file final_3.cif (mmCIF, C-alpha atoms)
data_entry
#
loop_
_atom_site.label_atom_id
_atom_site.label_comp_id
_atom_site.auth_asym_id
_atom_site.auth_seq_id
_atom_site.Cartn_x
_atom_site.Cartn_y
_atom_site.Cartn_z
CA ASP A 1 48.27 73.73 65.06
CA GLY A 2 50.09 71.32 62.78
CA SER A 3 52.18 70.46 59.78
CA ILE A 4 51.73 71.42 56.14
CA ASN A 5 53.52 69.20 53.61
CA THR A 6 53.71 68.39 49.95
CA ASP A 7 53.15 64.66 49.47
CA LEU A 8 55.21 63.23 46.61
CA VAL A 9 53.44 59.94 45.97
CA VAL A 10 54.43 56.98 43.81
CA PRO A 11 51.99 54.08 43.36
CA ALA A 12 53.87 50.78 43.09
CA PRO A 13 52.98 47.08 42.84
CA MET A 14 54.81 46.42 46.12
CA LEU A 15 56.70 48.30 48.82
CA PRO A 16 60.49 48.20 48.31
CA GLN A 17 62.63 46.32 50.82
CA ALA A 18 65.99 47.63 52.01
CA GLY A 19 68.31 47.92 49.02
CA GLU A 20 65.55 47.15 46.53
CA THR A 21 64.31 49.32 43.64
CA VAL A 22 60.67 48.97 42.58
CA LEU A 23 59.34 50.51 39.37
CA GLY A 24 56.15 52.42 40.06
CA GLY A 25 53.57 54.62 38.37
CA ASP A 26 53.50 58.36 37.79
CA LEU A 27 54.72 60.70 40.52
CA GLN A 28 51.92 62.76 42.05
CA ASP A 29 52.24 66.07 43.93
CA ILE A 30 49.42 66.24 46.52
CA GLY A 31 48.73 68.43 49.54
CA GLY A 32 49.49 66.70 52.84
CA GLY A 33 50.91 66.95 56.34
CA LYS A 34 48.99 65.70 59.36
CA GLY A 35 47.94 69.17 60.47
CA ALA A 36 46.75 70.21 57.02
CA ASN A 37 45.03 66.88 56.36
CA GLN A 38 43.13 66.98 59.64
CA ALA A 39 42.13 70.61 59.12
CA VAL A 40 40.84 69.84 55.61
CA ALA A 41 39.01 66.76 56.92
CA ALA A 42 37.19 68.86 59.53
CA ALA A 43 36.42 71.65 57.05
CA ARG A 44 34.98 69.25 54.45
CA LEU A 45 32.70 67.89 57.16
CA GLY A 46 31.29 71.34 57.83
CA ALA A 47 33.40 72.63 60.72
CA ARG A 48 34.80 76.16 60.61
CA THR A 49 38.51 75.45 60.63
CA ALA A 50 41.73 77.42 61.09
CA LEU A 51 45.26 76.03 60.94
CA LEU A 52 48.37 77.42 62.61
CA GLY A 53 51.24 76.21 60.45
CA ARG A 54 54.14 77.29 58.22
CA VAL A 55 55.33 76.71 54.65
CA GLY A 56 58.40 77.82 52.74
CA ALA A 57 58.62 80.78 50.34
CA ASP A 58 58.60 78.37 47.40
CA GLU A 59 56.18 77.04 44.79
CA PHE A 60 55.17 74.11 47.01
CA GLY A 61 54.31 76.53 49.79
CA LYS A 62 52.24 78.71 47.50
CA ALA A 63 50.37 75.67 46.20
CA ARG A 64 49.66 74.33 49.69
CA LEU A 65 48.23 77.65 50.91
CA GLN A 66 46.02 77.80 47.82
CA ASP A 67 44.86 74.24 48.45
CA LEU A 68 43.94 74.98 52.05
CA SER A 69 42.04 78.11 51.06
CA SER A 70 40.12 76.18 48.42
CA PHE A 71 39.01 73.69 51.08
CA GLY A 72 37.83 76.50 53.36
CA VAL A 73 40.71 76.32 55.86
CA THR A 74 42.00 79.64 57.20
CA VAL A 75 45.77 79.64 57.80
CA SER A 76 46.42 81.81 60.85
CA GLY A 77 49.35 84.01 61.77
CA ASP A 78 52.56 84.25 59.77
CA PRO A 79 52.52 81.13 57.55
CA ILE A 80 55.55 81.80 55.32
CA CYS A 81 59.05 80.94 56.53
CA PRO A 82 61.67 82.61 54.30
CA THR A 83 64.59 80.41 55.41
CA LEU A 84 63.28 76.84 55.09
CA PRO A 85 61.54 74.92 52.29
CA THR A 86 58.00 73.62 52.54
CA GLY A 87 57.82 70.29 54.33
CA ALA A 88 57.65 67.22 52.11
CA ALA A 89 56.67 63.59 52.49
CA LEU A 90 57.98 60.88 50.19
CA ILE A 91 55.32 58.17 49.94
CA VAL A 92 55.17 54.81 48.19
CA VAL A 93 51.73 53.16 48.06
CA ASP A 94 51.39 49.49 47.07
CA ALA A 95 48.57 47.65 45.34
CA ALA A 96 46.96 46.76 48.69
CA GLY A 97 46.87 50.40 49.81
CA ASP A 98 49.69 50.05 52.34
CA ASN A 99 52.45 52.66 52.36
CA VAL A 100 55.88 53.70 53.55
CA ILE A 101 56.50 57.37 54.29
CA ALA A 102 59.57 59.51 54.99
CA VAL A 103 59.04 63.15 55.99
CA ALA A 104 61.36 66.15 55.60
CA PRO A 105 59.93 68.69 58.11
CA GLY A 106 61.21 71.86 56.40
CA ALA A 107 59.25 74.92 57.49
CA ASN A 108 57.18 72.87 59.94
CA ALA A 109 60.21 73.01 62.25
CA ALA A 110 59.91 76.82 62.27
CA LEU A 111 56.48 76.84 63.96
CA LYS A 112 57.37 78.28 67.36
CA PRO A 113 55.55 78.88 70.67
CA SER A 114 55.61 82.59 69.81
CA HIS A 115 53.30 81.86 66.86
CA VAL A 116 50.87 80.25 69.29
CA THR A 117 50.95 83.29 71.55
CA ALA A 118 50.34 85.59 68.58
CA ALA A 119 47.24 83.57 67.63
CA VAL A 120 45.43 84.15 70.92
CA LYS A 121 42.36 85.64 69.19
CA GLN A 122 41.93 82.43 67.21
CA PHE A 123 41.95 80.43 70.44
CA GLN A 124 39.37 82.76 71.95
CA ARG A 125 36.85 82.03 69.18
CA SER A 126 37.47 78.28 68.87
CA ARG A 127 35.93 75.23 70.56
CA VAL A 128 38.32 72.40 69.73
CA LEU A 129 42.11 72.26 69.33
CA VAL A 130 43.79 69.43 67.42
CA CYS A 131 47.57 68.89 67.65
CA GLN A 132 49.97 66.35 66.14
CA LEU A 133 53.72 65.78 66.48
CA GLU A 134 55.08 66.90 63.08
CA VAL A 135 55.89 70.33 64.56
CA PRO A 136 58.19 71.04 67.56
CA LEU A 137 57.05 69.58 70.87
CA ASP A 138 57.41 72.93 72.65
CA THR A 139 54.96 74.43 70.17
CA VAL A 140 52.45 71.64 70.75
CA ARG A 141 52.78 72.14 74.49
CA ALA A 142 52.20 75.89 74.12
CA ALA A 143 49.09 75.26 72.04
CA LEU A 144 47.65 72.79 74.55
CA ASP A 145 48.32 75.21 77.41
CA GLN A 146 46.70 78.08 75.50
CA ALA A 147 43.68 75.90 74.80
CA ARG A 148 43.30 75.05 78.47
CA VAL A 149 43.28 78.76 79.33
CA HIS A 150 40.44 79.41 76.89
CA GLY A 151 38.39 76.29 77.68
CA LEU A 152 38.85 74.42 74.39
CA THR A 153 38.50 70.65 74.07
CA THR A 154 41.99 69.38 73.23
CA ILE A 155 42.70 66.44 70.94
CA LEU A 156 46.28 65.18 70.69
CA ASN A 157 47.07 62.83 67.83
CA ALA A 158 50.48 61.68 69.13
CA ALA A 159 51.80 60.93 65.65
CA PRO A 160 54.42 60.19 64.60
CA GLY A 161 55.35 58.19 67.69
CA ASN A 162 57.49 60.08 70.19
CA ALA A 163 58.18 58.93 73.75
CA GLU A 164 58.70 62.54 74.86
CA ALA A 165 55.06 63.30 74.06
CA ALA A 166 54.12 61.54 77.30
CA SER A 167 54.73 64.91 78.97
CA LEU A 168 51.78 66.37 77.02
CA LEU A 169 49.12 63.93 78.19
CA GLY A 170 48.13 65.84 81.31
CA ALA A 171 46.95 68.77 79.13
CA THR A 172 45.14 66.47 76.68
CA ASP A 173 41.39 65.85 76.84
CA VAL A 174 41.29 63.12 74.16
CA LEU A 175 44.35 61.22 72.98
CA VAL A 176 44.31 59.44 69.59
CA VAL A 177 47.09 56.96 68.79
CA ASN A 178 47.66 53.81 66.76
CA ARG A 179 49.48 50.73 68.05
CA ALA A 180 52.98 52.01 67.24
CA GLU A 181 52.31 55.43 68.77
CA ALA A 182 50.85 53.85 71.90
CA ALA A 183 53.95 51.68 72.17
CA SER A 184 56.15 54.78 71.96
CA LEU A 185 54.31 56.40 74.87
CA LEU A 186 54.20 53.24 76.99
CA GLY A 187 57.64 51.83 76.23
CA HIS A 188 56.41 48.34 75.32
CA PRO A 189 54.85 46.69 72.24
CA VAL A 190 51.10 46.83 71.59
CA ASN A 191 50.18 44.00 69.22
CA ALA A 192 47.25 41.71 70.05
CA LEU A 193 43.75 43.04 70.71
CA ALA A 194 44.05 42.18 74.40
CA GLU A 195 47.28 44.21 74.58
CA ALA A 196 45.54 47.11 72.84
CA LYS A 197 42.73 47.08 75.40
CA ALA A 198 45.24 47.10 78.26
CA ALA A 199 47.25 49.88 76.62
CA ALA A 200 44.09 51.96 76.12
CA ALA A 201 43.18 51.62 79.78
CA GLU A 202 46.71 52.56 80.88
CA LEU A 203 46.91 55.62 78.63
CA TYR A 204 43.41 56.72 79.61
CA GLY A 205 44.70 57.07 83.16
CA ARG A 206 47.12 59.75 81.96
CA VAL A 207 44.70 62.01 80.01
CA ARG A 208 41.76 64.12 81.07
CA ASP A 209 38.70 62.63 79.35
CA GLY A 210 39.23 59.88 76.79
CA LEU A 211 41.51 57.70 74.71
CA ILE A 212 41.09 56.24 71.23
CA LEU A 213 43.53 53.59 70.03
CA THR A 214 43.00 53.04 66.31
CA LEU A 215 43.56 49.53 64.94
CA GLY A 216 43.16 49.98 61.17
CA PRO A 217 40.83 47.29 59.75
CA GLU A 218 40.16 46.03 63.30
CA GLY A 219 38.47 49.32 64.24
CA SER A 220 39.40 51.16 67.43
CA ILE A 221 39.48 50.87 71.21
CA LEU A 222 37.79 53.62 73.23
CA ALA A 223 38.56 54.24 76.89
CA SER A 224 36.52 56.70 78.93
CA GLY A 225 34.62 56.97 82.19
CA ASP A 226 32.15 54.47 80.76
CA GLY A 227 34.82 51.77 80.42
CA VAL A 228 36.68 50.26 77.48
CA LEU A 229 34.81 49.72 74.20
CA HIS A 230 35.88 48.03 70.97
CA VAL A 231 34.41 49.75 67.91
CA PRO A 232 34.87 47.46 64.87
CA ALA A 233 35.64 49.02 61.48
CA TRP A 234 33.51 48.59 58.40
CA GLN A 235 35.11 46.18 55.96
CA VAL A 236 35.79 48.15 52.77
CA PRO A 237 38.27 47.81 49.89
CA THR A 238 41.50 49.73 50.49
CA VAL A 239 43.05 51.85 47.74
CA ASP A 240 45.33 54.11 49.83
CA ALA A 241 45.50 54.23 53.64
CA THR A 242 47.76 57.32 53.73
CA ALA A 243 45.18 59.73 55.17
CA ALA A 244 42.96 57.28 57.06
CA GLY A 245 44.21 58.37 60.49
CA ASP A 246 44.01 62.05 59.59
CA SER A 247 40.47 61.61 58.29
CA PHE A 248 39.53 59.94 61.57
CA VAL A 249 41.01 62.73 63.71
CA GLY A 250 39.53 65.54 61.61
CA ALA A 251 36.11 63.92 61.73
CA LEU A 252 36.42 63.43 65.48
CA ALA A 253 37.15 67.15 65.90
CA ALA A 254 34.20 68.10 63.68
CA ALA A 255 31.91 65.87 65.74
CA PHE A 256 33.17 67.33 69.04
CA SER A 257 32.69 70.87 67.68
CA ARG A 258 28.98 70.19 67.31
CA GLY A 259 28.68 68.62 70.75
CA ASP A 260 28.82 64.85 70.08
CA GLU A 261 30.02 62.61 72.89
CA LEU A 262 32.98 60.27 72.47
CA THR A 263 31.29 57.07 71.27
CA THR A 264 29.11 58.88 68.73
CA ALA A 265 32.07 60.95 67.53
CA ALA A 266 34.23 57.82 67.15
CA ARG A 267 31.59 56.05 65.08
CA TYR A 268 31.33 59.10 62.81
CA ALA A 269 35.13 59.25 62.50
CA THR A 270 35.28 55.53 61.69
CA ALA A 271 32.88 56.09 58.80
CA ALA A 272 34.95 59.00 57.47
CA ALA A 273 38.12 56.88 57.58
CA ALA A 274 36.35 54.01 55.80
CA ILE A 275 35.47 56.30 52.89
CA THR A 276 38.99 57.76 52.82
CA VAL A 277 40.83 54.44 52.40
CA GLY A 278 38.84 53.75 49.24
CA ARG A 279 40.42 56.71 47.43
CA PHE A 280 43.92 57.68 46.33
CA GLY A 281 45.89 60.56 47.84
CA ALA A 282 45.64 62.38 51.16
CA GLN A 283 43.49 65.51 50.92
CA PRO A 284 41.66 64.45 47.72
CA SER A 285 40.42 61.34 49.54
CA LEU A 286 38.75 63.18 52.45
CA PRO A 287 34.94 62.93 52.42
CA THR A 288 32.25 65.58 52.75
CA GLY A 289 29.62 65.61 55.46
CA GLU A 290 27.01 64.47 52.96
CA GLU A 291 29.15 61.47 52.00
CA VAL A 292 29.63 60.40 55.62
CA ALA A 293 25.91 60.81 56.34
CA GLY A 294 25.09 58.66 53.31
CA PHE A 295 27.61 56.03 54.37
CA LEU A 296 26.14 55.84 57.88
CA GLN A 297 22.63 55.45 56.47
CA SER A 298 23.69 52.54 54.28
CA PRO A 299 27.07 51.11 55.31
CA PRO A 300 28.56 48.24 53.28
CA VAL A 301 28.60 45.90 56.30
CA ALA A 302 26.54 46.31 59.46
CA GLU A 303 28.70 47.53 62.33
CA SER A 304 28.12 47.17 66.04
CA VAL A 305 29.78 48.49 69.15
CA GLU A 306 31.07 45.68 71.33
CA ASP A 307 31.33 46.40 75.05
CA CYS A 308 34.52 44.78 76.32
CA HIS A 309 33.00 44.85 79.85
CA ASP A 310 36.22 46.33 81.17
CA ARG A 311 36.24 49.13 83.69
CA VAL A 312 39.10 51.61 83.83
CA SER A 313 40.37 53.40 86.89
CA GLY A 314 42.30 56.56 87.54
CA LYS A 315 39.50 59.11 87.16
CA SER A 316 37.30 60.51 89.87
#
call {"tool": "encode", "arguments": {"input": "final_3.cif", "output": "structure tokens"}}
result
Amino acid sequence: DGSINTDLVVPAPMLPQAGETVLGGDLQDIGGGKGANQAVAAARLGARTALLGRVGADEFGKARLQDLSSFGVTVSGDPICPTLPTGAALIVVDAAGDNVIAVAPGANAALKPSHVTAAVKQFQRSRVLVCQLEVPLDTVRAALDQARVHGLTTILNAAPGNAEAASLLGATDVLVVNRAEAASLLGHPVNALAEAKAAAAELYGRVRDGLILTLGPEGSILASGDGVLHVPAWQVPTVDATAAGDSFVGALAAAFSRGDELTTAARYATAAAAITVGRFGAQPSLPTGEEVAGFLQSPPVAESVEDCHDRVSGKS
């Protein structure tokens, strides 16, 4: 389950500071929302994908449902909320591809645990569940619990950061967070690479199978029963990093759905994210399976997996 938003994007030469106005380029209206982005990412990579989410009874909502259908994503249940507008994200992207984002949840806040219960047939025919935190926490918890009942692999992308999401980790197979989101769960900063490795090991002790801490251009940290690994990122030009994390999570889910183990799935997801940052917009930037396969066959810079030689405890 997850959010469905309209991204209102302005490219600008720099990100505005507090109290500052920056003149930018043309406003763009693009499909977004972490749930929708991750569902589209998985679908474009060949996974059969359904999304449990809600939009408003407005033109944005109509456009977003059409977008999702065009990408091959089935929207389950009762997707139209008559009382709230479609969620929206206001995004400014600078010349280096960095961004600032403010989100108005809108109809995403109307996705309730009852919608999860009503979608039981979808859970019965699925293999992987992906959740994020742009919908109510009770709904995420209901989805994770439903997935456990039906034997699905659960991926929680604990984004945006929310300290209360720590209560969800026991029902999570694989947790995906960035530095800020890890800090929210742990209650202390996660800055240097050594701190990221320690944070990954600590969070791994709270989930069922694995932890991925994404580090942007520094790659990611994986923690599992095999230890703690640093997977460097490919060095590629950045146009827009808005959907990089969503591309990574969607690709991870697609890889798990076909049976890949964590390290292989993370390498595949890293390649998908590398392609994504080189394009503008959220859903339009998400690669196809053929594009990721081609990238892996001939990446711009050779990539290796560095074993940090750290062991993690807390699992039997």
call {"tool": "closest_residue", "arguments": {"input": "final_3.cif", "among": "A:Glu290, A:Asp1, A:Asp94, A:Asp7", "to": "Ala39 (chain A)", "atoms": "only C-alpha atoms"}}
result
A:Asp1
call {"tool": "resolve_selection", "arguments": {"input": "final_3.cif", "expression": "the PyMOL selection byres ((chain A and resi 15) around 10)", "output": "list in words"}}
result
Pro11, Ala12, Pro13, Met14, Pro16, Gln17, Ala18, Glu20, Thr21, Val22, Gly24, Val92, Val93, Asp94, Ala95, Ala96, Asp98, Asn99 and Val100 of chain A
call {"tool": "write_last_selection", "arguments": {"input": "final_3.cif", "atoms": "C-alpha atoms", "output": "mmCIF file, in the frame of the given file"}}
result
data_model
loop_
_atom_site.group_PDB
_atom_site.id
_atom_site.type_symbol
_atom_site.label_atom_id
_atom_site.label_comp_id
_atom_site.auth_asym_id
_atom_site.auth_seq_id
_atom_site.Cartn_x
_atom_site.Cartn_y
_atom_site.Cartn_z
ATOM 1 C CA PRO A 11 51.990 54.080 43.360
ATOM 2 C CA ALA A 12 53.870 50.780 43.090
ATOM 3 C CA PRO A 13 52.980 47.080 42.840
ATOM 4 C CA MET A 14 54.810 46.420 46.120
ATOM 5 C CA PRO A 16 60.490 48.200 48.310
ATOM 6 C CA GLN A 17 62.630 46.320 50.820
ATOM 7 C CA ALA A 18 65.990 47.630 52.010
ATOM 8 C CA GLU A 20 65.550 47.150 46.530
ATOM 9 C CA THR A 21 64.310 49.320 43.640
ATOM 10 C CA VAL A 22 60.670 48.970 42.580
ATOM 11 C CA GLY A 24 56.150 52.420 40.060
ATOM 12 C CA VAL A 92 55.170 54.810 48.190
ATOM 13 C CA VAL A 93 51.730 53.160 48.060
ATOM 14 C CA ASP A 94 51.390 49.490 47.070
ATOM 15 C CA ALA A 95 48.570 47.650 45.340
ATOM 16 C CA ALA A 96 46.960 46.760 48.690
ATOM 17 C CA ASP A 98 49.690 50.050 52.340
ATOM 18 C CA ASN A 99 52.450 52.660 52.360
ATOM 19 C CA VAL A 100 55.880 53.700 53.550
#
call {"tool": "resolve_selection", "arguments": {"input": "final_3.cif", "expression": "the PyMOL selection byres ((chain A and resi 245) around 9)", "output": "PyMOL selection string"}}
result
chain A and resi 34+38+177-178+214+216+241-244+246-250+273
call {"tool": "residues_around", "arguments": {"input": "final_3.cif", "residues": "Gly87 (chain A)", "least_positions_apart": "4", "cutoff": "12 Å", "atoms": "all atoms listed in the file", "output": "PDB file with C-alpha atoms, in the frame of the given file"}}
result
ATOM      1  CA  GLY A   2      50.090  71.320  62.780  1.00  0.00           C
ATOM      2  CA  SER A   3      52.180  70.460  59.780  1.00  0.00           C
ATOM      3  CA  ILE A   4      51.730  71.420  56.140  1.00  0.00           C
ATOM      4  CA  ASN A   5      53.520  69.200  53.610  1.00  0.00           C
ATOM      5  CA  THR A   6      53.710  68.390  49.950  1.00  0.00           C
ATOM      6  CA  ASP A   7      53.150  64.660  49.470  1.00  0.00           C
ATOM      7  CA  LEU A   8      55.210  63.230  46.610  1.00  0.00           C
ATOM      8  CA  GLY A  31      48.730  68.430  49.540  1.00  0.00           C
ATOM      9  CA  GLY A  32      49.490  66.700  52.840  1.00  0.00           C
ATOM     10  CA  GLY A  33      50.910  66.950  56.340  1.00  0.00           C
ATOM     11  CA  LYS A  34      48.990  65.700  59.360  1.00  0.00           C
ATOM     12  CA  GLY A  35      47.940  69.170  60.470  1.00  0.00           C
ATOM     13  CA  ALA A  36      46.750  70.210  57.020  1.00  0.00           C
ATOM     14  CA  GLY A  53      51.240  76.210  60.450  1.00  0.00           C
ATOM     15  CA  ARG A  54      54.140  77.290  58.220  1.00  0.00           C
ATOM     16  CA  VAL A  55      55.330  76.710  54.650  1.00  0.00           C
ATOM     17  CA  GLY A  56      58.400  77.820  52.740  1.00  0.00           C
ATOM     18  CA  ALA A  57      58.620  80.780  50.340  1.00  0.00           C
ATOM     19  CA  ASP A  58      58.600  78.370  47.400  1.00  0.00           C
ATOM     20  CA  GLU A  59      56.180  77.040  44.790  1.00  0.00           C
ATOM     21  CA  PHE A  60      55.170  74.110  47.010  1.00  0.00           C
ATOM     22  CA  GLY A  61      54.310  76.530  49.790  1.00  0.00           C
ATOM     23  CA  ARG A  64      49.660  74.330  49.690  1.00  0.00           C
ATOM     24  CA  ILE A  80      55.550  81.800  55.320  1.00  0.00           C
ATOM     25  CA  CYS A  81      59.050  80.940  56.530  1.00  0.00           C
ATOM     26  CA  ALA A 102      59.570  59.510  54.990  1.00  0.00           C
ATOM     27  CA  VAL A 103      59.040  63.150  55.990  1.00  0.00           C
ATOM     28  CA  ALA A 104      61.360  66.150  55.600  1.00  0.00           C
ATOM     29  CA  PRO A 105      59.930  68.690  58.110  1.00  0.00           C
ATOM     30  CA  GLY A 106      61.210  71.860  56.400  1.00  0.00           C
ATOM     31  CA  ALA A 107      59.250  74.920  57.490  1.00  0.00           C
ATOM     32  CA  ASN A 108      57.180  72.870  59.940  1.00  0.00           C
ATOM     33  CA  ALA A 109      60.210  73.010  62.250  1.00  0.00           C
ATOM     34  CA  ALA A 110      59.910  76.820  62.270  1.00  0.00           C
ATOM     35  CA  LEU A 111      56.480  76.840  63.960  1.00  0.00           C
ATOM     36  CA  GLU A 134      55.080  66.900  63.080  1.00  0.00           C
ATOM     37  CA  VAL A 135      55.890  70.330  64.560  1.00  0.00           C
TER      38      VAL A 135
END
call {"tool": "residues_around", "arguments": {"input": "final_3.cif", "residues": "region 113-119 of chain A", "least_positions_apart": "4", "cutoff": "10 Å", "atoms": "all atoms listed in the file", "output": "PDB file with C-alpha atoms, in the coordinates of the input"}}
result
ATOM      1  CA  ASP A   1      48.270  73.730  65.060  1.00  0.00           C
ATOM      2  CA  LEU A  52      48.370  77.420  62.610  1.00  0.00           C
ATOM      3  CA  GLY A  53      51.240  76.210  60.450  1.00  0.00           C
ATOM      4  CA  ARG A  54      54.140  77.290  58.220  1.00  0.00           C
ATOM      5  CA  SER A  76      46.420  81.810  60.850  1.00  0.00           C
ATOM      6  CA  GLY A  77      49.350  84.010  61.770  1.00  0.00           C
ATOM      7  CA  ASP A  78      52.560  84.250  59.770  1.00  0.00           C
ATOM      8  CA  PRO A  79      52.520  81.130  57.550  1.00  0.00           C
ATOM      9  CA  PHE A 123      41.950  80.430  70.440  1.00  0.00           C
ATOM     10  CA  GLN A 124      39.370  82.760  71.950  1.00  0.00           C
ATOM     11  CA  PRO A 136      58.190  71.040  67.560  1.00  0.00           C
ATOM     12  CA  LEU A 137      57.050  69.580  70.870  1.00  0.00           C
ATOM     13  CA  ASP A 138      57.410  72.930  72.650  1.00  0.00           C
ATOM     14  CA  THR A 139      54.960  74.430  70.170  1.00  0.00           C
ATOM     15  CA  VAL A 140      52.450  71.640  70.750  1.00  0.00           C
ATOM     16  CA  ARG A 141      52.780  72.140  74.490  1.00  0.00           C
ATOM     17  CA  ALA A 142      52.200  75.890  74.120  1.00  0.00           C
ATOM     18  CA  ALA A 143      49.090  75.260  72.040  1.00  0.00           C
ATOM     19  CA  LEU A 144      47.650  72.790  74.550  1.00  0.00           C
ATOM     20  CA  ASP A 145      48.320  75.210  77.410  1.00  0.00           C
ATOM     21  CA  GLN A 146      46.700  78.080  75.500  1.00  0.00           C
TER      22      GLN A 146
END
call {"tool": "resolve_selection", "arguments": {"input": "final_3.cif", "expression": "the PyMOL selection byres ((chain A and resi 275) around 9)", "output": "short mmCIF file (atom, residue, chain, number, x, y, z; two decimals) with C-alpha atoms, in the frame of the given file"}}
result
data_model
loop_
_atom_site.label_atom_id
_atom_site.label_comp_id
_atom_site.auth_asym_id
_atom_site.auth_seq_id
_atom_site.Cartn_x
_atom_site.Cartn_y
_atom_site.Cartn_z
CA VAL A 236 35.79 48.15 52.77
CA ALA A 244 42.96 57.28 57.06
CA THR A 270 35.28 55.53 61.69
CA ALA A 271 32.88 56.09 58.80
CA ALA A 272 34.95 59.00 57.47
CA ALA A 273 38.12 56.88 57.58
CA ALA A 274 36.35 54.01 55.80
CA THR A 276 38.99 57.76 52.82
CA VAL A 277 40.83 54.44 52.40
CA GLY A 278 38.84 53.75 49.24
CA ARG A 279 40.42 56.71 47.43
CA SER A 285 40.42 61.34 49.54
CA LEU A 286 38.75 63.18 52.45
CA PRO A 287 34.94 62.93 52.42
CA GLU A 291 29.15 61.47 52.00
CA VAL A 292 29.63 60.40 55.62
CA PHE A 295 27.61 56.03 54.37
#
call {"tool": "atom_distance", "arguments": {"input": "final_3.cif", "atom1": "CA of Ala182 (chain A)", "atom2": "CA of Leu51 (chain A)"}}
result
25.4 Å
call {"tool": "residues_near_point", "arguments": {"input": "final_3.cif", "point": "(45.0, 61.0, 82.5)", "cutoff": "12 Å", "atoms": "all atoms listed in the file", "output": "count of residues only"}}
result
30
call {"tool": "closest_residue", "arguments": {"input": "final_3.cif", "among": "A:Gln283, A:Ala41, A:Gln132, A:Ile101", "to": "Ala89 (chain A)", "atoms": "only C-alpha atoms"}}
result
A:Ile101
call {"tool": "atom_distance", "arguments": {"input": "final_3.cif", "atom1": "CA of Arg148 (chain A)", "atom2": "CA of Ala165 (chain A)"}}
result
17.2 Å
call {"tool": "atom_distance", "arguments": {"input": "final_3.cif", "atom1": "CA of Ile212 (chain A)", "atom2": "CA of Ala50 (chain A)"}}
result
23.5 Å
call {"tool": "axis_aligned_box", "arguments": {"input": "final_3.cif", "around": "region 174-181 of chain A", "padding_each_side": "6 Å", "output": "lines of an AutoDock Vina configuration file"}}
result
center_x = 47.1
center_y = 56.9
center_z = 70.5
size_x = 23.7
size_y = 24.4
size_z = 19.4
call {"tool": "closest_residue", "arguments": {"input": "final_3.cif", "among": "A:Gly25, A:Pro237, A:Gly259, A:Pro284", "to": "Asp67 (chain A)", "atoms": "all atoms listed in the file"}}
result
A:Pro284
call {"tool": "residues_around", "arguments": {"input": "final_3.cif", "residues": "Ser220 (chain A)", "least_positions_apart": "3", "cutoff": "7 Å", "atoms": "all atoms listed in the file", "output": "PyMOL selection string"}}
result
chain A and resi 212-215+230-232
call {"tool": "closest_residue", "arguments": {"input": "final_3.cif", "among": "A:Leu186, A:Leu229, A:Ala199, A:Leu129", "to": "Ala254 (chain A)", "atoms": "all atoms listed in the file"}}
result
A:Leu129
